[in-house]
$ cat work-v7.cif   # mmCIF, N, CA and C atoms
data_coords
#
loop_
_atom_site.label_atom_id
_atom_site.label_comp_id
_atom_site.auth_asym_id
_atom_site.auth_seq_id
_atom_site.Cartn_x
_atom_site.Cartn_y
_atom_site.Cartn_z
N MET A 1 114.49 109.60 116.90
CA MET A 1 113.98 108.44 116.21
C MET A 1 115.16 107.53 115.89
N ARG A 2 114.95 106.26 115.98
CA ARG A 2 115.98 105.26 115.72
C ARG A 2 116.07 104.95 114.23
N ALA A 3 117.25 104.70 113.73
CA ALA A 3 117.47 104.33 112.32
C ALA A 3 117.85 102.86 112.26
N ILE A 4 117.36 102.18 111.22
CA ILE A 4 117.74 100.80 110.98
C ILE A 4 118.23 100.66 109.55
N THR A 5 119.00 99.63 109.31
CA THR A 5 119.49 99.34 107.97
C THR A 5 118.83 98.05 107.50
N VAL A 6 118.28 98.07 106.31
CA VAL A 6 117.61 96.91 105.74
C VAL A 6 118.22 96.62 104.37
N GLN A 7 118.59 95.36 104.15
CA GLN A 7 119.09 94.98 102.84
C GLN A 7 117.91 94.59 101.96
N ILE A 8 117.89 95.13 100.75
CA ILE A 8 116.81 94.87 99.81
C ILE A 8 117.40 94.51 98.45
N PRO A 9 116.65 93.79 97.64
CA PRO A 9 117.14 93.46 96.29
C PRO A 9 117.41 94.73 95.48
N ASP A 10 118.42 94.67 94.64
CA ASP A 10 118.79 95.84 93.83
C ASP A 10 117.66 96.30 92.92
N ASP A 11 116.81 95.39 92.49
CA ASP A 11 115.75 95.73 91.54
C ASP A 11 114.39 95.99 92.20
N LEU A 12 114.36 96.16 93.51
CA LEU A 12 113.08 96.35 94.19
C LEU A 12 112.38 97.64 93.77
N ALA A 13 113.11 98.72 93.60
CA ALA A 13 112.49 99.98 93.17
C ALA A 13 111.82 99.79 91.81
N LEU A 14 112.48 99.06 90.92
CA LEU A 14 111.90 98.79 89.61
C LEU A 14 110.65 97.94 89.76
N ALA A 15 110.71 96.92 90.60
CA ALA A 15 109.56 96.03 90.81
C ALA A 15 108.36 96.77 91.39
N LEU A 16 108.62 97.75 92.25
CA LEU A 16 107.55 98.54 92.86
C LEU A 16 107.15 99.75 92.04
N ASN A 17 107.87 99.97 90.93
CA ASN A 17 107.60 101.09 90.04
C ASN A 17 107.74 102.44 90.76
N VAL A 18 108.80 102.56 91.56
CA VAL A 18 109.12 103.83 92.22
C VAL A 18 110.57 104.17 91.92
N SER A 19 110.90 105.44 92.04
CA SER A 19 112.29 105.85 91.84
C SER A 19 113.12 105.36 93.02
N PRO A 20 114.42 105.18 92.82
CA PRO A 20 115.26 104.76 93.94
C PRO A 20 115.16 105.69 95.15
N ASP A 21 114.99 106.99 94.90
CA ASP A 21 114.86 107.95 96.00
C ASP A 21 113.54 107.80 96.75
N ALA A 22 112.52 107.28 96.08
CA ALA A 22 111.20 107.13 96.71
C ALA A 22 111.03 105.76 97.35
N LEU A 23 112.02 104.89 97.23
CA LEU A 23 111.88 103.52 97.73
C LEU A 23 111.75 103.47 99.25
N ALA A 24 112.62 104.13 99.98
CA ALA A 24 112.56 104.08 101.45
C ALA A 24 111.22 104.62 101.96
N PRO A 25 110.76 105.78 101.49
CA PRO A 25 109.45 106.25 101.96
C PRO A 25 108.32 105.28 101.60
N ALA A 26 108.38 104.67 100.42
CA ALA A 26 107.34 103.73 100.02
C ALA A 26 107.32 102.51 100.94
N LEU A 27 108.50 102.04 101.32
CA LEU A 27 108.57 100.90 102.23
C LEU A 27 108.05 101.26 103.62
N LEU A 28 108.32 102.48 104.06
CA LEU A 28 107.82 102.91 105.37
C LEU A 28 106.29 103.01 105.37
N VAL A 29 105.73 103.51 104.28
CA VAL A 29 104.28 103.58 104.17
C VAL A 29 103.68 102.18 104.18
N ALA A 30 104.28 101.28 103.41
CA ALA A 30 103.78 99.90 103.35
C ALA A 30 103.83 99.24 104.73
N ALA A 31 104.93 99.44 105.43
CA ALA A 31 105.06 98.86 106.78
C ALA A 31 104.03 99.47 107.72
N ALA A 32 103.84 100.79 107.64
CA ALA A 32 102.89 101.47 108.52
C ALA A 32 101.47 100.97 108.27
N VAL A 33 101.10 100.86 107.00
CA VAL A 33 99.75 100.39 106.66
C VAL A 33 99.54 98.97 107.19
N LYS A 34 100.49 98.09 106.95
CA LYS A 34 100.33 96.70 107.36
C LYS A 34 100.31 96.56 108.88
N LEU A 35 101.18 97.27 109.57
CA LEU A 35 101.19 97.20 111.04
C LEU A 35 99.88 97.73 111.62
N PHE A 36 99.34 98.80 111.03
CA PHE A 36 98.05 99.31 111.48
C PHE A 36 96.95 98.30 111.18
N GLU A 37 96.96 97.75 109.98
CA GLU A 37 95.93 96.80 109.57
C GLU A 37 95.89 95.58 110.50
N ARG A 38 97.04 95.15 110.96
CA ARG A 38 97.12 93.99 111.84
C ARG A 38 96.87 94.35 113.30
N GLY A 39 96.65 95.64 113.59
CA GLY A 39 96.35 96.07 114.95
C GLY A 39 97.57 96.16 115.84
N LYS A 40 98.74 96.23 115.25
CA LYS A 40 99.98 96.29 116.04
C LYS A 40 100.31 97.69 116.51
N ILE A 41 99.89 98.71 115.73
CA ILE A 41 100.14 100.10 116.10
C ILE A 41 98.90 100.94 115.80
N SER A 42 98.79 102.07 116.46
CA SER A 42 97.66 102.98 116.26
C SER A 42 97.83 103.74 114.95
N ALA A 43 96.76 104.39 114.52
CA ALA A 43 96.83 105.20 113.32
C ALA A 43 97.82 106.35 113.49
N GLY A 44 97.87 106.94 114.68
CA GLY A 44 98.81 108.03 114.93
C GLY A 44 100.25 107.56 114.83
N LYS A 45 100.54 106.40 115.44
CA LYS A 45 101.90 105.86 115.38
C LYS A 45 102.25 105.44 113.96
N ALA A 46 101.28 104.88 113.24
CA ALA A 46 101.51 104.49 111.85
C ALA A 46 101.80 105.71 110.98
N ALA A 47 101.05 106.78 111.21
CA ALA A 47 101.29 108.02 110.46
C ALA A 47 102.70 108.55 110.74
N GLU A 48 103.10 108.48 111.99
CA GLU A 48 104.45 108.91 112.36
C GLU A 48 105.50 108.06 111.64
N LEU A 49 105.30 106.74 111.62
CA LEU A 49 106.22 105.85 110.93
C LEU A 49 106.27 106.15 109.43
N ALA A 50 105.12 106.44 108.85
CA ALA A 50 105.05 106.74 107.43
C ALA A 50 105.56 108.13 107.09
N GLY A 51 105.76 108.96 108.12
CA GLY A 51 106.28 110.31 107.89
C GLY A 51 105.27 111.26 107.31
N MET A 52 104.01 111.10 107.75
CA MET A 52 102.96 111.98 107.23
C MET A 52 101.98 112.33 108.33
N PRO A 53 101.23 113.41 108.14
CA PRO A 53 100.20 113.76 109.13
C PRO A 53 99.12 112.67 109.18
N LYS A 54 98.48 112.52 110.32
CA LYS A 54 97.48 111.48 110.50
C LYS A 54 96.35 111.57 109.47
N PRO A 55 95.80 112.77 109.17
CA PRO A 55 94.73 112.81 108.17
C PRO A 55 95.18 112.26 106.81
N LEU A 56 96.40 112.55 106.42
CA LEU A 56 96.91 112.02 105.15
C LEU A 56 97.09 110.51 105.23
N PHE A 57 97.51 110.01 106.40
CA PHE A 57 97.65 108.57 106.55
C PHE A 57 96.29 107.89 106.43
N LEU A 58 95.25 108.48 106.97
CA LEU A 58 93.91 107.91 106.87
C LEU A 58 93.46 107.85 105.41
N VAL A 59 93.81 108.85 104.63
CA VAL A 59 93.52 108.83 103.19
C VAL A 59 94.32 107.71 102.53
N THR A 60 95.57 107.56 102.94
CA THR A 60 96.43 106.50 102.39
C THR A 60 95.84 105.13 102.69
N LEU A 61 95.29 104.95 103.88
CA LEU A 61 94.65 103.67 104.20
C LEU A 61 93.55 103.37 103.19
N ALA A 62 92.72 104.36 102.89
CA ALA A 62 91.64 104.16 101.92
C ALA A 62 92.20 103.80 100.55
N GLU A 63 93.29 104.45 100.15
CA GLU A 63 93.92 104.14 98.86
C GLU A 63 94.43 102.71 98.81
N TRP A 64 94.84 102.18 99.96
CA TRP A 64 95.34 100.81 100.05
C TRP A 64 94.20 99.82 100.30
N GLY A 65 92.97 100.31 100.45
CA GLY A 65 91.84 99.43 100.69
C GLY A 65 91.77 98.90 102.11
N VAL A 66 92.32 99.66 103.05
CA VAL A 66 92.34 99.26 104.46
C VAL A 66 91.40 100.18 105.23
N SER A 67 90.53 99.59 106.02
CA SER A 67 89.59 100.37 106.81
C SER A 67 90.32 101.10 107.94
N ALA A 68 89.95 102.34 108.14
CA ALA A 68 90.53 103.12 109.23
C ALA A 68 89.87 102.78 110.56
N SER A 69 88.74 102.11 110.51
CA SER A 69 88.02 101.74 111.73
C SER A 69 88.62 100.47 112.32
N THR A 70 88.78 100.48 113.62
CA THR A 70 89.29 99.30 114.30
C THR A 70 88.16 98.51 114.97
N LEU A 71 86.92 98.95 114.73
CA LEU A 71 85.77 98.25 115.30
C LEU A 71 85.45 97.01 114.47
N SER A 72 85.15 95.92 115.14
CA SER A 72 84.73 94.71 114.44
C SER A 72 83.24 94.83 114.10
N GLY A 73 82.77 93.96 113.24
CA GLY A 73 81.35 93.93 112.90
C GLY A 73 80.49 93.69 114.13
N GLU A 74 80.99 92.86 115.02
CA GLU A 74 80.28 92.57 116.27
C GLU A 74 80.19 93.82 117.14
N ASP A 75 81.30 94.59 117.22
CA ASP A 75 81.30 95.83 118.01
C ASP A 75 80.28 96.82 117.46
N ILE A 76 80.22 96.93 116.15
CA ILE A 76 79.29 97.88 115.52
C ILE A 76 77.85 97.44 115.78
N ALA A 77 77.58 96.14 115.64
CA ALA A 77 76.23 95.63 115.90
C ALA A 77 75.82 95.89 117.34
N GLN A 78 76.74 95.70 118.26
CA GLN A 78 76.44 95.92 119.67
C GLN A 78 76.18 97.40 119.93
N ASP A 79 76.99 98.27 119.32
CA ASP A 79 76.77 99.71 119.48
C ASP A 79 75.38 100.12 118.94
N LEU A 80 75.02 99.55 117.80
CA LEU A 80 73.71 99.87 117.22
C LEU A 80 72.57 99.37 118.12
N ALA A 81 72.75 98.20 118.69
CA ALA A 81 71.73 97.63 119.57
C ALA A 81 71.58 98.46 120.84
N ASN A 82 72.66 99.06 121.29
CA ASN A 82 72.63 99.87 122.52
C ASN A 82 72.23 101.31 122.27
N ALA A 83 72.08 101.69 121.02
CA ALA A 83 71.77 103.10 120.70
C ALA A 83 70.33 103.43 120.97
#
$ encode --input "work-v7.cif" --output "structure tokens"
Amino acid sequence: MRAITVQIPDDLALALNVSPDALAPALLVAAAVKLFERGKISAGKAAELAGMPKPLFLVTLAEWGVSASTLSGEDIAQDLANA
């Protein structure tokens, strides 16, 4: 896995209400959720980025208010019509 360095404000952990040690994992989860939500990566790849098993990532999506389904309303309606 590749490592990157990111500069962040000194008070970001305080602003996010996480310990300094929990900041990097929290940022990875946030990035994974947002990238998944925008359709840039799959749930499996997002879980890998977040450093957690896929089932736990799916629970995390719900906690963040993000749907785990990538189907649009139109796709669901079409599936129902074809059922």
$ resolve_selection --input "work-v7.cif" --expression "the PyMOL selection byres (((chain A and resi 55-69 and name CA) around 8) and name CA)" --output "list in words"
Val33, Glu37, Ala43, Ala46, Ala47, Ala50, Met52, Pro53, Lys54, Thr70 and Leu71 of chain A
$ atom_distance --input "work-v7.cif" --atom1 "atom CA of Val6 of chain A" --atom2 "atom CA of Ile41 of chain A"
20.6 Å
$ atom_distance --input "work-v7.cif" --atom1 "atom CA of Val18 of chain A" --atom2 "atom CA of Lys34 of chain A"
18.9 Å
$ select_by_dssp --input "work-v7.cif" --residues "chain A" --states "alpha helix (DSSP H)" --output "CSV table (one decimal) with N, CA and C atoms, in the frame of the given file"
chain,number,residue,atom,x,y,z
A,12,LEU,N,114.4,96.2,93.5
A,12,LEU,CA,113.1,96.4,94.2
A,12,LEU,C,112.4,97.6,93.8
A,13,ALA,N,113.1,98.7,93.6
A,13,ALA,CA,112.5,100.0,93.2
A,13,ALA,C,111.8,99.8,91.8
A,14,LEU,N,112.5,99.1,90.9
A,14,LEU,CA,111.9,98.8,89.6
A,14,LEU,C,110.6,97.9,89.8
A,15,ALA,N,110.7,96.9,90.6
A,15,ALA,CA,109.6,96.0,90.8
A,15,ALA,C,108.4,96.8,91.4
A,16,LEU,N,108.6,97.8,92.2
A,16,LEU,CA,107.6,98.5,92.9
A,16,LEU,C,107.2,99.8,92.0
A,20,PRO,N,114.4,105.2,92.8
A,20,PRO,CA,115.3,104.8,93.9
A,20,PRO,C,115.2,105.7,95.2
A,21,ASP,N,115.0,107.0,94.9
A,21,ASP,CA,114.9,108.0,96.0
A,21,ASP,C,113.5,107.8,96.8
A,22,ALA,N,112.5,107.3,96.1
A,22,ALA,CA,111.2,107.1,96.7
A,22,ALA,C,111.0,105.8,97.4
A,23,LEU,N,112.0,104.9,97.2
A,23,LEU,CA,111.9,103.5,97.7
A,23,LEU,C,111.8,103.5,99.2
A,24,ALA,N,112.6,104.1,100.0
A,24,ALA,CA,112.6,104.1,101.4
A,24,ALA,C,111.2,104.6,102.0
A,25,PRO,N,110.8,105.8,101.5
A,25,PRO,CA,109.4,106.2,102.0
A,25,PRO,C,108.3,105.3,101.6
A,26,ALA,N,108.4,104.7,100.4
A,26,ALA,CA,107.3,103.7,100.0
A,26,ALA,C,107.3,102.5,100.9
A,27,LEU,N,108.5,102.0,101.3
A,27,LEU,CA,108.6,100.9,102.2
A,27,LEU,C,108.0,101.3,103.6
A,28,LEU,N,108.3,102.5,104.1
A,28,LEU,CA,107.8,102.9,105.4
A,28,LEU,C,106.3,103.0,105.4
A,29,VAL,N,105.7,103.5,104.3
A,29,VAL,CA,104.3,103.6,104.2
A,29,VAL,C,103.7,102.2,104.2
A,30,ALA,N,104.3,101.3,103.4
A,30,ALA,CA,103.8,99.9,103.4
A,30,ALA,C,103.8,99.2,104.7
A,31,ALA,N,104.9,99.4,105.4
A,31,ALA,CA,105.1,98.9,106.8
A,31,ALA,C,104.0,99.5,107.7
A,32,ALA,N,103.8,100.8,107.6
A,32,ALA,CA,102.9,101.5,108.5
A,32,ALA,C,101.5,101.0,108.3
A,33,VAL,N,101.1,100.9,107.0
A,33,VAL,CA,99.8,100.4,106.7
A,33,VAL,C,99.5,99.0,107.2
A,34,LYS,N,100.5,98.1,107.0
A,34,LYS,CA,100.3,96.7,107.4
A,34,LYS,C,100.3,96.6,108.9
A,35,LEU,N,101.2,97.3,109.6
A,35,LEU,CA,101.2,97.2,111.0
A,35,LEU,C,99.9,97.7,111.6
A,36,PHE,N,99.3,98.8,111.0
A,36,PHE,CA,98.0,99.3,111.5
A,36,PHE,C,97.0,98.3,111.2
A,37,GLU,N,97.0,97.8,110.0
A,37,GLU,CA,95.9,96.8,109.6
A,37,GLU,C,95.9,95.6,110.5
A,43,ALA,N,96.8,104.4,114.5
A,43,ALA,CA,96.8,105.2,113.3
A,43,ALA,C,97.8,106.4,113.5
A,44,GLY,N,97.9,106.9,114.7
A,44,GLY,CA,98.8,108.0,114.9
A,44,GLY,C,100.2,107.6,114.8
A,45,LYS,N,100.5,106.4,115.4
A,45,LYS,CA,101.9,105.9,115.4
A,45,LYS,C,102.2,105.4,114.0
A,46,ALA,N,101.3,104.9,113.2
A,46,ALA,CA,101.5,104.5,111.8
A,46,ALA,C,101.8,105.7,111.0
A,47,ALA,N,101.0,106.8,111.2
A,47,ALA,CA,101.3,108.0,110.5
A,47,ALA,C,102.7,108.6,110.7
A,48,GLU,N,103.1,108.5,112.0
A,48,GLU,CA,104.4,108.9,112.4
A,48,GLU,C,105.5,108.1,111.6
A,49,LEU,N,105.3,106.7,111.6
A,49,LEU,CA,106.2,105.8,110.9
A,49,LEU,C,106.3,106.2,109.4
A,50,ALA,N,105.1,106.4,108.8
A,50,ALA,CA,105.0,106.7,107.4
A,50,ALA,C,105.6,108.1,107.1
A,54,LYS,N,98.5,112.5,110.3
A,54,LYS,CA,97.5,111.5,110.5
A,54,LYS,C,96.4,111.6,109.5
A,55,PRO,N,95.8,112.8,109.2
A,55,PRO,CA,94.7,112.8,108.2
A,55,PRO,C,95.2,112.3,106.8
A,56,LEU,N,96.4,112.6,106.4
A,56,LEU,CA,96.9,112.0,105.2
A,56,LEU,C,97.1,110.5,105.2
A,57,PHE,N,97.5,110.0,106.4
A,57,PHE,CA,97.6,108.6,106.6
A,57,PHE,C,96.3,107.9,106.4
A,58,LEU,N,95.2,108.5,107.0
A,58,LEU,CA,93.9,107.9,106.9
A,58,LEU,C,93.5,107.8,105.4
A,59,VAL,N,93.8,108.8,104.6
A,59,VAL,CA,93.5,108.8,103.2
A,59,VAL,C,94.3,107.7,102.5
A,60,THR,N,95.6,107.6,102.9
A,60,THR,CA,96.4,106.5,102.4
A,60,THR,C,95.8,105.1,102.7
A,61,LEU,N,95.3,105.0,103.9
A,61,LEU,CA,94.6,103.7,104.2
A,61,LEU,C,93.6,103.4,103.2
A,62,ALA,N,92.7,104.4,102.9
A,62,ALA,CA,91.6,104.2,101.9
A,62,ALA,C,92.2,103.8,100.6
A,63,GLU,N,93.3,104.4,100.2
A,63,GLU,CA,93.9,104.1,98.9
A,63,GLU,C,94.4,102.7,98.8
A,73,GLY,N,82.8,94.0,113.2
A,73,GLY,CA,81.4,93.9,112.9
A,73,GLY,C,80.5,93.7,114.1
A,74,GLU,N,81.0,92.9,115.0
A,74,GLU,CA,80.3,92.6,116.3
A,74,GLU,C,80.2,93.8,117.1
A,75,ASP,N,81.3,94.6,117.2
A,75,ASP,CA,81.3,95.8,118.0
A,75,ASP,C,80.3,96.8,117.5
A,76,ILE,N,80.2,96.9,116.2
A,76,ILE,CA,79.3,97.9,115.5
A,76,ILE,C,77.8,97.4,115.8
A,77,ALA,N,77.6,96.1,115.6
A,77,ALA,CA,76.2,95.6,115.9
A,77,ALA,C,75.8,95.9,117.3
A,78,GLN,N,76.7,95.7,118.3
A,78,GLN,CA,76.4,95.9,119.7
A,78,GLN,C,76.2,97.4,119.9
A,79,ASP,N,77.0,98.3,119.3
A,79,ASP,CA,76.8,99.7,119.5
A,79,ASP,C,75.4,100.1,118.9
A,80,LEU,N,75.0,99.6,117.8
A,80,LEU,CA,73.7,99.9,117.2
A,80,LEU,C,72.6,99.4,118.1
A,81,ALA,N,72.8,98.2,118.7
A,81,ALA,CA,71.7,97.6,119.6
A,81,ALA,C,71.6,98.5,120.8
A,82,ASN,N,72.7,99.1,121.3
A,82,ASN,CA,72.6,99.9,122.5
A,82,ASN,C,72.2,101.3,122.3
$ residues_around --input "work-v7.cif" --residues "Leu28 of chain A" --least-positions-apart "3" --cutoff "9 Å" --atoms "only C-alpha atoms" --output "list in words"
Leu23, Ala24, Pro25, Ala31, Ala32, Val33, Leu49, Ala50 and Gly51 of chain A
$ atom_distance --input "work-v7.cif" --atom1 "atom CA of Ala81 of chain A" --atom2 "atom CA of Lys40 of chain A"
28.5 Å
$ axis_aligned_box --input "work-v7.cif" --around "segment 26-32 of chain A" --padding-each-side "3 Å" --output "JSON"
{"center_x": 105.0, "center_y": 101.8, "center_z": 104.3, "size_x": 13.1, "size_y": 11.8, "size_z": 14.5}
